file query.tsv (TSV, C-alpha atoms)
chain	number	residue	atom	x	y	z
T	3	MET	CA	65.93	-99.68	40.61
T	4	ALA	CA	64.93	-98.05	37.32
T	5	THR	CA	61.78	-95.99	37.04
T	6	GLY	CA	59.19	-96.90	34.40
T	7	PRO	CA	57.00	-94.70	32.25
T	8	ARG	CA	54.05	-95.05	34.61
T	9	SER	CA	55.91	-93.10	37.25
T	10	TYR	CA	57.90	-90.88	34.90
T	11	HIS	CA	56.62	-87.33	35.20
T	12	GLY	CA	59.73	-85.26	34.44
T	13	THR	CA	59.45	-82.31	32.14
T	14	VAL	CA	60.73	-83.13	28.67
T	15	ALA	CA	62.37	-80.21	26.88
T	16	LEU	CA	60.87	-79.39	23.52
T	17	CYS	CA	63.17	-80.13	20.61
T	18	THR	CA	63.59	-77.95	17.52
T	19	VAL	CA	60.07	-77.19	16.27
T	20	PHE	CA	59.14	-78.42	12.83
T	21	SER	CA	55.81	-77.74	11.20
T	22	ILE	CA	53.56	-80.79	10.95
T	23	LEU	CA	51.90	-81.10	7.56
T	24	THR	CA	48.19	-80.53	7.80
T	25	ILE	CA	47.43	-83.98	6.51
T	26	LEU	CA	49.08	-85.56	9.54
T	27	TYR	CA	46.52	-83.87	11.72
T	28	THR	CA	43.83	-86.06	10.20
T	29	PHE	CA	45.56	-89.29	11.25
T	30	GLY	CA	44.15	-91.06	14.25
T	31	LEU	CA	40.83	-89.22	14.11
T	32	GLN	CA	38.20	-91.22	15.92
T	33	GLY	CA	35.02	-90.62	17.87
T	34	PRO	CA	32.02	-88.42	17.05
T	35	ARG	CA	32.28	-85.91	14.23
T	36	ASN	CA	30.83	-82.42	14.15
T	37	ALA	CA	30.57	-79.85	11.39
T	38	LEU	CA	32.50	-76.63	11.89
T	39	PHE	CA	31.62	-73.43	10.06
T	40	ASN	CA	34.66	-71.37	9.18
T	41	ASN	CA	34.88	-67.61	8.90
T	42	ASP	CA	34.41	-67.72	5.14
T	43	GLY	CA	31.28	-69.86	5.37
T	44	SER	CA	32.90	-73.14	4.31
T	45	THR	CA	32.58	-76.23	6.47
T	46	SER	CA	35.02	-78.77	7.85
T	47	ARG	CA	34.75	-81.73	10.19
T	48	SER	CA	36.38	-82.25	13.55
T	49	SER	CA	37.19	-85.26	15.72
T	50	ILE	CA	38.92	-86.08	18.97
T	51	LEU	CA	42.52	-87.05	18.23
T	52	GLU	CA	43.52	-90.44	19.63
T	53	SER	CA	46.63	-92.55	19.14
T	54	PRO	CA	46.15	-95.80	17.20
T	55	PHE	CA	48.47	-97.36	19.81
T	56	LYS	CA	46.41	-96.37	22.84
T	57	ASN	CA	45.88	-100.08	23.66
T	58	THR	CA	49.36	-101.23	22.55
T	59	LEU	CA	52.46	-102.00	24.59
T	60	ALA	CA	55.62	-100.43	23.15
T	61	MET	CA	58.64	-102.67	23.80
T	62	ILE	CA	61.81	-100.63	23.30
T	63	ARG	CA	65.12	-102.49	23.19
T	64	TRP	CA	68.71	-101.50	23.92
T	65	ASN	CA	71.53	-104.01	23.44
T	66	SER	CA	73.69	-102.33	26.10
T	67	LEU	CA	73.04	-100.44	29.32
T	68	HIS	CA	72.02	-96.81	28.67
T	69	PRO	CA	69.43	-95.82	31.30
T	70	GLU	CA	70.25	-92.15	30.72
T	71	ARG	CA	68.41	-92.37	27.39
T	72	MET	CA	65.18	-93.66	28.89
T	73	PRO	CA	63.66	-90.21	29.62
T	74	LEU	CA	64.00	-89.24	25.95
T	75	LEU	CA	62.32	-92.45	24.76
T	76	ALA	CA	59.61	-91.93	27.39
T	77	GLN	CA	58.23	-89.23	25.09
T	78	TYR	CA	56.44	-92.11	23.36
T	79	ALA	CA	54.39	-92.71	26.52
T	80	PRO	CA	51.35	-90.54	25.61
T	81	PHE	CA	50.77	-92.64	22.50
T	82	PHE	CA	50.84	-96.12	24.13
T	83	HIS	CA	49.06	-98.02	26.87
T	84	ASP	CA	52.48	-98.58	28.46
T	85	ILE	CA	56.16	-98.65	27.54
T	86	HIS	CA	58.38	-101.62	28.29
T	87	PHE	CA	62.12	-100.89	28.45
T	88	SER	CA	64.34	-103.88	27.64
T	89	MET	CA	68.02	-103.46	28.46
T	90	PRO	CA	70.83	-105.68	29.85
T	91	ASP	CA	71.38	-105.08	33.58
T	92	LEU	CA	68.54	-102.56	33.70
T	93	VAL	CA	67.07	-103.96	36.91
T	94	SER	CA	70.26	-105.41	38.32
T	95	ASP	CA	69.03	-105.76	41.91
T	96	GLN	CA	66.27	-108.16	40.77
T	97	GLY	CA	68.44	-110.65	38.92
T	98	GLU	CA	69.06	-111.40	35.27
T	99	GLY	CA	65.71	-113.01	34.51
T	100	PHE	CA	63.53	-110.31	36.07
T	101	HIS	CA	60.78	-108.82	33.95
T	102	ASN	CA	57.44	-107.13	34.48
T	103	LEU	CA	55.14	-105.01	32.35
T	104	THR	CA	57.57	-102.09	32.05
T	105	HIS	CA	61.10	-103.54	32.41
T	106	ASP	CA	63.37	-106.48	31.69
T	107	SER	CA	67.12	-107.07	31.93
T	108	GLU	CA	67.47	-109.57	29.05
T	109	PRO	CA	71.20	-109.96	28.24
T	110	ASP	CA	70.80	-111.98	25.01
T	111	SER	CA	70.37	-109.56	22.12
T	112	LEU	CA	70.73	-112.24	19.44
T	113	HIS	CA	67.64	-114.24	20.40
T	114	MET	CA	65.16	-111.57	21.47
T	115	GLN	CA	62.15	-113.68	20.47
T	116	GLY	CA	62.44	-115.31	23.90
T	117	GLN	CA	62.02	-112.10	25.90
T	118	VAL	CA	59.32	-110.81	23.57
T	119	ALA	CA	57.40	-114.05	24.24
T	120	ARG	CA	57.83	-113.68	28.02
T	121	THR	CA	56.53	-110.13	27.83
T	122	MET	CA	53.52	-111.31	25.81
T	123	GLN	CA	52.85	-113.97	28.45
T	124	HIS	CA	52.89	-111.32	31.18
T	125	VAL	CA	50.37	-109.30	29.18
T	126	LEU	CA	48.08	-112.31	28.69
T	127	ASN	CA	48.23	-113.09	32.40
T	128	ASN	CA	47.78	-109.57	33.76
T	129	GLU	CA	46.77	-106.94	31.18
T	130	PRO	CA	43.41	-107.57	29.47
T	131	GLU	CA	43.29	-104.05	28.00
T	132	ILE	CA	46.50	-104.41	25.95
T	133	GLU	CA	45.64	-105.48	22.40
T	134	GLY	CA	49.06	-105.65	20.76
T	135	LEU	CA	52.83	-105.27	21.12
T	136	LEU	CA	55.02	-102.97	19.01
T	137	TYR	CA	58.69	-103.90	19.29
T	138	PHE	CA	61.40	-101.51	18.16
T	139	HIS	CA	65.00	-100.63	18.91
T	140	PHE	CA	65.71	-97.38	20.73
T	141	ASP	CA	67.45	-96.01	17.63
T	142	ALA	CA	64.44	-96.67	15.41
T	143	TRP	CA	61.82	-93.98	15.02
T	144	ILE	CA	58.05	-94.33	14.94
T	145	ASP	CA	55.57	-91.60	14.07
T	146	PRO	CA	52.58	-93.04	15.97
T	147	LEU	CA	49.80	-90.97	14.40
T	148	ALA	CA	50.93	-91.97	10.91
T	149	PHE	CA	49.79	-95.55	11.63
T	150	SER	CA	46.14	-94.66	12.29
T	151	LYS	CA	44.95	-96.25	9.06
T	152	SER	CA	46.88	-99.49	9.67
T	153	ASN	CA	45.17	-102.80	10.45
T	154	MET	CA	45.77	-103.34	14.17
T	155	GLU	CA	44.51	-106.93	13.90
T	156	ASN	CA	47.32	-107.94	11.54
T	157	ILE	CA	51.02	-108.57	12.09
T	158	TRP	CA	53.35	-105.91	10.65
T	159	PHE	CA	56.87	-106.73	9.54
T	160	PRO	CA	59.33	-104.54	7.59
T	161	ASP	CA	59.78	-105.33	3.94
T	162	SER	CA	62.22	-102.61	2.92
T	163	SER	CA	64.67	-103.17	0.11
T	164	ASP	CA	68.30	-103.84	0.94
T	165	GLY	CA	69.52	-100.35	0.09
T	166	ASP	CA	72.42	-98.77	1.91
T	167	GLY	CA	73.17	-100.69	5.07
T	168	GLY	CA	72.46	-104.14	3.71
T	169	GLY	CA	68.96	-105.30	4.67
T	170	PRO	CA	68.36	-108.15	5.22
T	171	ARG	CA	65.15	-108.05	3.24
T	172	PHE	CA	62.14	-110.16	4.19
T	173	ILE	CA	62.42	-113.36	2.15
T	174	CYS	CA	61.65	-117.07	2.65
T	175	LEU	CA	63.87	-119.77	1.14
T	176	THR	CA	64.90	-123.40	1.34
T	177	GLU	CA	68.38	-124.86	1.19
T	178	ALA	CA	67.80	-125.50	-2.52
T	179	THR	CA	67.05	-121.82	-3.17
T	180	ILE	CA	69.37	-120.19	-0.65
T	181	SER	CA	71.73	-119.02	-3.41
T	182	LYS	CA	69.03	-116.58	-4.60
T	183	TYR	CA	69.81	-114.21	-1.76
T	184	GLU	CA	73.26	-113.34	-0.50
T	185	TRP	CA	73.56	-112.88	3.28
T	186	TRP	CA	76.58	-113.16	5.55
T	187	GLY	CA	74.68	-115.36	8.04
T	188	TRP	CA	74.30	-118.33	5.71
T	189	GLY	CA	77.92	-119.23	6.32
T	190	HIS	CA	77.17	-119.60	10.03
T	191	GLY	CA	74.44	-122.15	9.35
T	192	TYR	CA	71.67	-120.16	11.03
T	193	TYR	CA	69.11	-121.56	8.61
T	194	LYS	CA	69.88	-125.11	9.76
T	195	ASP	CA	68.73	-124.22	13.27
T	196	ALA	CA	65.50	-122.83	11.82
T	197	VAL	CA	64.91	-126.00	9.80
T	198	ALA	CA	65.41	-128.10	12.93
T	199	ALA	CA	62.99	-125.89	14.89
T	200	SER	CA	60.36	-126.00	12.12
T	201	THR	CA	60.70	-129.76	11.89
T	202	THR	CA	59.96	-129.96	15.62
T	203	VAL	CA	56.89	-127.77	15.17
T	204	LYS	CA	55.70	-130.13	12.44
T	205	GLU	CA	56.24	-133.14	14.73
T	206	PHE	CA	53.76	-131.77	17.25
T	207	GLY	CA	51.00	-132.59	14.78
T	208	MET	CA	49.09	-129.43	15.64
T	209	ASP	CA	47.29	-127.09	13.25
T	210	TYR	CA	50.37	-125.24	12.02
T	211	VAL	CA	50.74	-125.02	8.26
T	212	LEU	CA	54.41	-125.01	7.26
T	213	ASN	CA	57.11	-126.52	5.12
T	214	PRO	CA	59.74	-127.66	7.65
T	215	GLU	CA	62.45	-127.14	5.04
T	216	GLU	CA	61.55	-123.46	4.65
T	217	PHE	CA	63.13	-120.64	6.66
T	218	CYS	CA	62.83	-116.87	6.45
T	219	LEU	CA	65.09	-113.88	6.89
T	220	GLY	CA	64.40	-110.24	7.67
T	221	TRP	CA	65.61	-107.29	9.74
T	222	SER	CA	63.81	-107.52	13.03
T	223	ASP	CA	64.23	-104.10	14.63
T	224	ILE	CA	60.61	-102.99	14.14
T	225	TYR	CA	57.52	-105.21	14.15
T	226	TYR	CA	54.00	-105.37	15.56
T	227	ILE	CA	52.01	-108.39	16.73
T	228	PRO	CA	48.34	-108.19	17.81
T	229	ARG	CA	47.18	-109.95	20.94
T	230	ARG	CA	45.24	-112.58	18.99
T	231	PHE	CA	48.57	-114.08	17.82
T	232	PHE	CA	50.39	-113.94	21.17
T	233	ALA	CA	49.65	-117.61	21.94
T	234	ASP	CA	51.11	-118.72	18.59
T	235	PHE	CA	54.19	-116.53	18.99
T	236	ILE	CA	54.84	-117.73	22.56
T	237	PHE	CA	54.55	-121.40	21.61
T	238	LEU	CA	56.71	-121.15	18.51
T	239	SER	CA	59.31	-118.99	20.27
T	240	GLU	CA	59.77	-121.67	22.94
T	241	ILE	CA	60.76	-124.12	20.22
T	242	PHE	CA	62.93	-121.68	18.27
T	243	MET	CA	64.73	-120.70	21.49
T	244	ASP	CA	65.61	-124.30	22.25
T	245	PHE	CA	67.81	-124.64	19.18
T	246	PRO	CA	68.44	-121.52	19.40
T	247	VAL	CA	67.70	-119.66	16.18
T	248	TRP	CA	69.27	-116.25	15.38
T	249	HIS	CA	66.58	-113.58	15.80
T	250	GLU	CA	66.72	-112.28	12.19
T	251	VAL	CA	65.87	-115.81	11.06
T	252	ALA	CA	63.69	-116.90	13.98
T	253	ILE	CA	61.26	-113.97	14.09
T	254	PRO	CA	60.43	-113.78	10.35
T	255	THR	CA	60.14	-117.58	10.19
T	256	ILE	CA	57.77	-117.64	13.19
T	257	LEU	CA	55.66	-114.86	11.72
T	258	HIS	CA	55.58	-116.63	8.35
T	259	ILE	CA	54.31	-119.80	10.03
T	260	ILE	CA	51.58	-117.83	11.80
T	261	ASP	CA	50.63	-116.15	8.53
T	262	GLN	CA	50.42	-119.45	6.65
T	263	THR	CA	48.32	-120.96	9.42
T	264	ARG	CA	45.92	-118.13	10.30
T	265	SER	CA	45.41	-116.49	6.89
T	266	SER	CA	42.48	-117.20	4.62
T	267	ARG	CA	42.91	-117.65	0.88
T	268	ALA	CA	41.69	-114.12	0.31
T	269	ARG	CA	43.47	-112.28	3.11
T	270	SER	CA	46.89	-112.49	4.74
T	271	VAL	CA	47.31	-111.72	8.44
T	272	LEU	CA	50.81	-110.33	7.83
T	273	ASP	CA	51.19	-106.81	6.45
T	274	ARG	CA	54.55	-106.09	4.88
T	275	ILE	CA	55.59	-102.58	5.87
T	276	GLY	CA	57.58	-101.29	2.92
T	277	ASP	CA	57.82	-97.62	3.86
T	278	CYS	CA	60.14	-97.82	6.86
T	279	TRP	CA	63.36	-95.99	6.05
T	280	GLY	CA	66.62	-97.97	6.27
T	281	SER	CA	67.30	-101.52	7.40
T	282	CYS	CA	69.13	-103.42	10.12
T	283	CYS	CA	72.34	-101.46	9.67
T	284	ALA	CA	71.50	-98.31	7.73
T	285	SER	CA	72.48	-95.04	9.33
T	286	SER	CA	72.60	-91.26	8.91
T	287	PRO	CA	69.03	-90.35	7.95
T	288	ASP	CA	68.60	-86.63	7.41
T	289	VAL	CA	65.76	-84.43	8.64
T	290	GLN	CA	63.68	-85.03	5.53
T	291	ASP	CA	64.10	-88.81	5.86
T	292	VAL	CA	62.81	-88.64	9.42
T	293	LEU	CA	59.88	-86.34	8.75
T	294	TRP	CA	58.79	-87.96	5.48
T	295	ASN	CA	58.83	-91.58	6.71
T	296	ARG	CA	56.55	-92.86	9.45
T	297	CYS	CA	59.20	-95.28	10.69
T	298	GLY	CA	62.86	-96.00	10.17
T	299	HIS	CA	66.11	-97.39	11.51
T	300	ARG	CA	68.45	-96.09	12.58
T	301	LEU	CA	68.82	-92.69	14.22
T	302	ASP	CA	72.30	-91.50	15.16
T	303	TYR	CA	71.77	-89.80	18.51
T	304	LEU	CA	74.96	-87.80	17.99
T	305	ASP	CA	73.43	-86.20	14.89
T	306	GLU	CA	71.14	-83.68	16.56
T	307	PRO	CA	69.03	-82.22	13.70
T	308	PRO	CA	67.24	-85.50	12.73
T	309	VAL	CA	66.84	-86.46	16.39
T	310	ASP	CA	65.42	-83.04	17.24
T	311	ALA	CA	63.11	-83.25	14.24
T	312	HIS	CA	61.66	-86.57	15.37
T	313	TYR	CA	61.20	-85.73	19.04
T	314	GLY	CA	59.93	-82.26	18.16
T	315	ARG	CA	57.23	-83.88	16.07
T	316	LEU	CA	56.38	-86.28	18.90
T	317	ALA	CA	56.02	-83.37	21.33
T	318	GLU	CA	53.71	-81.47	18.98
T	319	GLU	CA	51.56	-84.50	18.27
T	320	ALA	CA	51.37	-85.48	21.95
T	321	ALA	CA	50.12	-81.99	22.79
T	322	MET	CA	47.23	-82.50	20.35
T	323	LEU	CA	46.04	-85.84	21.78
T	324	GLY	CA	42.61	-85.60	23.35
T	325	HIS	CA	41.80	-82.33	21.60
T	326	ARG	CA	39.30	-81.69	18.86
T	327	ILE	CA	41.14	-81.45	15.56
T	328	ALA	CA	39.51	-79.92	12.53
T	329	GLU	CA	40.05	-81.55	9.19
T	330	PRO	CA	41.31	-79.17	6.49
T	331	ALA	CA	38.62	-76.80	5.28
T	332	HIS	CA	37.97	-76.31	1.60
T	333	GLY	CA	37.62	-72.57	1.03
T	334	SER	CA	35.66	-71.17	-1.87
T	335	ILE	CA	36.63	-68.30	-4.15
T	336	ARG	CA	34.62	-65.13	-3.48
T	337	GLY	CA	33.70	-62.42	-5.98
T	338	LYS	CA	34.58	-61.78	-9.64
T	339	ALA	CA	36.53	-58.52	-9.42
T	340	PRO	CA	38.48	-57.86	-12.65
T	341	GLY	CA	42.22	-58.02	-12.23
T	342	ARG	CA	42.11	-60.59	-9.43
T	343	PHE	CA	44.76	-62.65	-11.17
T	344	VAL	CA	48.29	-61.60	-12.06
T	345	VAL	CA	49.23	-60.30	-15.47
T	346	GLU	CA	51.08	-63.47	-16.43
T	347	THR	CA	47.83	-65.42	-16.05
T	348	HIS	CA	45.93	-63.00	-18.27
T	349	ARG	CA	48.68	-63.09	-20.92
T	350	ALA	CA	48.80	-66.90	-20.94
T	351	LEU	CA	45.03	-67.37	-21.26
T	352	ASN	CA	44.81	-64.75	-24.00
T	353	GLY	CA	47.68	-66.06	-26.07
T	354	ARG	CA	50.14	-63.28	-25.26
T	355	PRO	CA	53.82	-63.85	-24.47
T	356	VAL	CA	54.53	-64.00	-20.74
T	357	SER	CA	56.19	-60.88	-19.40
T	358	ASN	CA	57.70	-59.82	-16.11
T	359	ASP	CA	55.80	-56.55	-16.32
T	360	ASP	CA	53.38	-56.54	-13.36
T	361	ARG	CA	50.99	-54.09	-15.01
T	362	ILE	CA	48.01	-55.05	-17.14
T	363	PRO	CA	49.37	-54.51	-20.68
T	364	SER	CA	47.57	-52.26	-23.12
T	365	ASP	CA	47.24	-55.10	-25.62
T	366	ILE	CA	44.77	-56.89	-23.31
T	367	SER	CA	41.32	-55.36	-23.31
T	368	ASP	CA	38.93	-55.01	-20.38
T	369	HIS	CA	36.68	-57.52	-22.09
T	370	GLU	CA	39.52	-60.07	-22.20
T	371	ILE	CA	40.30	-59.45	-18.53
T	372	ARG	CA	36.67	-60.05	-17.55
T	373	SER	CA	36.56	-63.17	-19.75
T	374	THR	CA	39.73	-64.50	-18.16
T	375	ASP	CA	38.42	-63.88	-14.65
T	376	LYS	CA	35.19	-65.67	-15.55
T	377	ILE	CA	37.10	-68.71	-16.83
T	378	LEU	CA	39.20	-68.90	-13.70
T	379	TYR	CA	36.23	-68.32	-11.42
T	380	ASN	CA	34.32	-71.12	-13.14
T	381	TRP	CA	37.23	-73.49	-12.50
T	382	ALA	CA	36.97	-72.71	-8.78
T	383	VAL	CA	33.17	-73.16	-8.80
T	384	GLU	CA	33.59	-76.51	-10.54
T	385	ARG	CA	36.08	-77.60	-7.87
T	386	ASP	CA	33.58	-76.70	-5.12
T	387	SER	CA	30.91	-78.69	-6.92
T	388	ASN	CA	33.22	-81.70	-7.24
T	389	PHE	CA	34.05	-81.59	-3.53
T	390	ARG	CA	30.36	-81.84	-2.75
T	391	LYS	CA	29.93	-84.71	-5.21
T	392	ALA	CA	32.82	-86.48	-3.45
T	393	ASP	CA	31.06	-85.89	-0.10
T	394	ARG	CA	34.10	-84.03	1.25
T	395	LEU	CA	31.91	-81.28	2.72
T	396	LYS	CA	29.13	-83.44	4.11
T	397	VAL	CA	27.88	-82.14	7.46
T	398	TYR	CA	27.97	-84.79	10.18

call {"tool": "encode", "arguments": {"input": "query.tsv", "output": "structure tokens"}}
result
Amino acid sequence: MATGPRSYHGTVALCTVFSILTILYTFGLQGPRNALFNNDGSTSRSSILESPFKNTLAMIRWNSLHPERMPLLAQYAPFFHDIHFSMPDLVSDQGEGFHNLTHDSEPDSLHMQGQVARTMQHVLNNEPEIEGLLYFHFDAWIDPLAFSKSNMENIWFPDSSDGDGGGPRFICLTEATISKYEWWGWGHGYYKDAVAASTTVKEFGMDYVLNPEEFCLGWSDIYYIPRRFFADFIFLSEIFMDFPVWHEVAIPTILHIIDQTRSSRARSVLDRIGDCWGSCCASSPDVQDVLWNRCGHRLDYLDEPPVDAHYGRLAEEAAMLGHRIAEPAHGSIRGKAPGRFVVETHRALNGRPVSNDDRIPSDISDHEIRSTDKILYNWAVERDSNFRKADRLKVY
């Protein structure tokens, strides 16, 4: 029987180390703040670093049996309440329909809304501390701390452009408007199943707001649903499984129905995530793609540099969780010594041609040097004053 993240304690080798930009250190900062005084007298604030997903279940999906990859994906464990591994034949000794908080053996990769709903039901029945579910494929990447400013009470669904790899983009249509978006699945009639399912939802006469003729499309390899919408998702998934509706039509259509029903006029409950790299079928991100995008799909695990970059970042961020992290300090310039700045700066501010000569030229007087230094120093003083006006250096 497979071992879940709760009992996984193996040592994970550190991947190639990449520097984390200082700004990332400020993500996920919660808890009490304290002023720190730096060596130069400037101040900065500090907070205890927490993951925004600390009360979220990560549901990671494989479409074929690869248990040997589970230890690598378990590096997400420090950021989540728990990790749920979904993989055909994963728990073979328990039967095809077995699932619990951390595992399932779902064989049907084309209608994953059903297993997602069963996992949500398990959470509602047994896990009051879990406040949301983040679903993603094993070959997607998530930078957990980069989501700290996201609304955890809203649904998130990718809204990337088609780009290389072919989408599909998040769009809602009817049969009359289907020609506006070209997709290979239309020829298989997947939208007709969605229309039939939506019509059934309408026939229940409940509070759902929908046009039964409308259906949606979108790549469904990364999405987040907060606990407050689990009941809606479970109910609607039961209906969409009965027809059954292809997951890249079913999931966006279900989420669209929830959004139409639970949103107010002023505020949607569905956030379109437009900064995930790639799409359903994009491939070959490079190191910069991985490090500059907080999410994406898909990683090629045979291409080691991007994979090492991602898991190296995870390891560094995991090591910081629970520690006090100082926000970037704003240092102040000290002193007005003449000649602080390079000769090119003096030449430029005094109207002289720029030269590669690193000596102060004879055509610039001491008076001009002191005047230049004063100008530059005043710029720095003005910046310090503006930081205080912006409350950046407020002592908490």

call {"tool": "atom_distance", "arguments": {"input": "query.tsv", "atom1": "atom CA of T:Thr263", "atom2": "atom CA of T:Glu215"}}
result
16.0 Å

call {"tool": "closest_residue", "arguments": {"input": "query.tsv", "among": "T:Asp91, T:Asp273, T:Glu306, T:Glu384", "to": "T:Ile157", "atoms": "all atoms listed in the file"}}
result
T:Asp273

call {"tool": "closest_residue", "arguments": {"input": "query.tsv", "among": "T:Pro214, T:Gly353, T:Pro146, T:Pro246", "to": "T:His312", "atoms": "only C-alpha atoms"}}
result
T:Pro146

call {"tool": "residues_around", "arguments": {"input": "query.tsv", "residues": "stretch 230-244 of chain T", "least_positions_apart": "5", "cutoff": "10 Å", "atoms": "all atoms listed in the file", "output": "JSON, numbers by chain"}}
result
{"T": [113, 114, 115, 116, 117, 118, 119, 120, 121, 122, 123, 125, 126, 133, 134, 135, 155, 156, 157, 195, 196, 197, 198, 199, 200, 202, 203, 210, 249, 251, 252, 253, 255, 256, 257, 259, 260, 261, 263, 264, 271]}

call {"tool": "atom_distance", "arguments": {"input": "query.tsv", "atom1": "atom CA of T:Leu316", "atom2": "atom CA of T:Arg71"}}
result
15.9 Å

call {"tool": "closest_residue", "arguments": {"input": "query.tsv", "among": "T:Lys182, T:Arg171, T:His258, T:Lys56", "to": "T:Val211", "atoms": "all atoms listed in the file"}}
result
T:His258
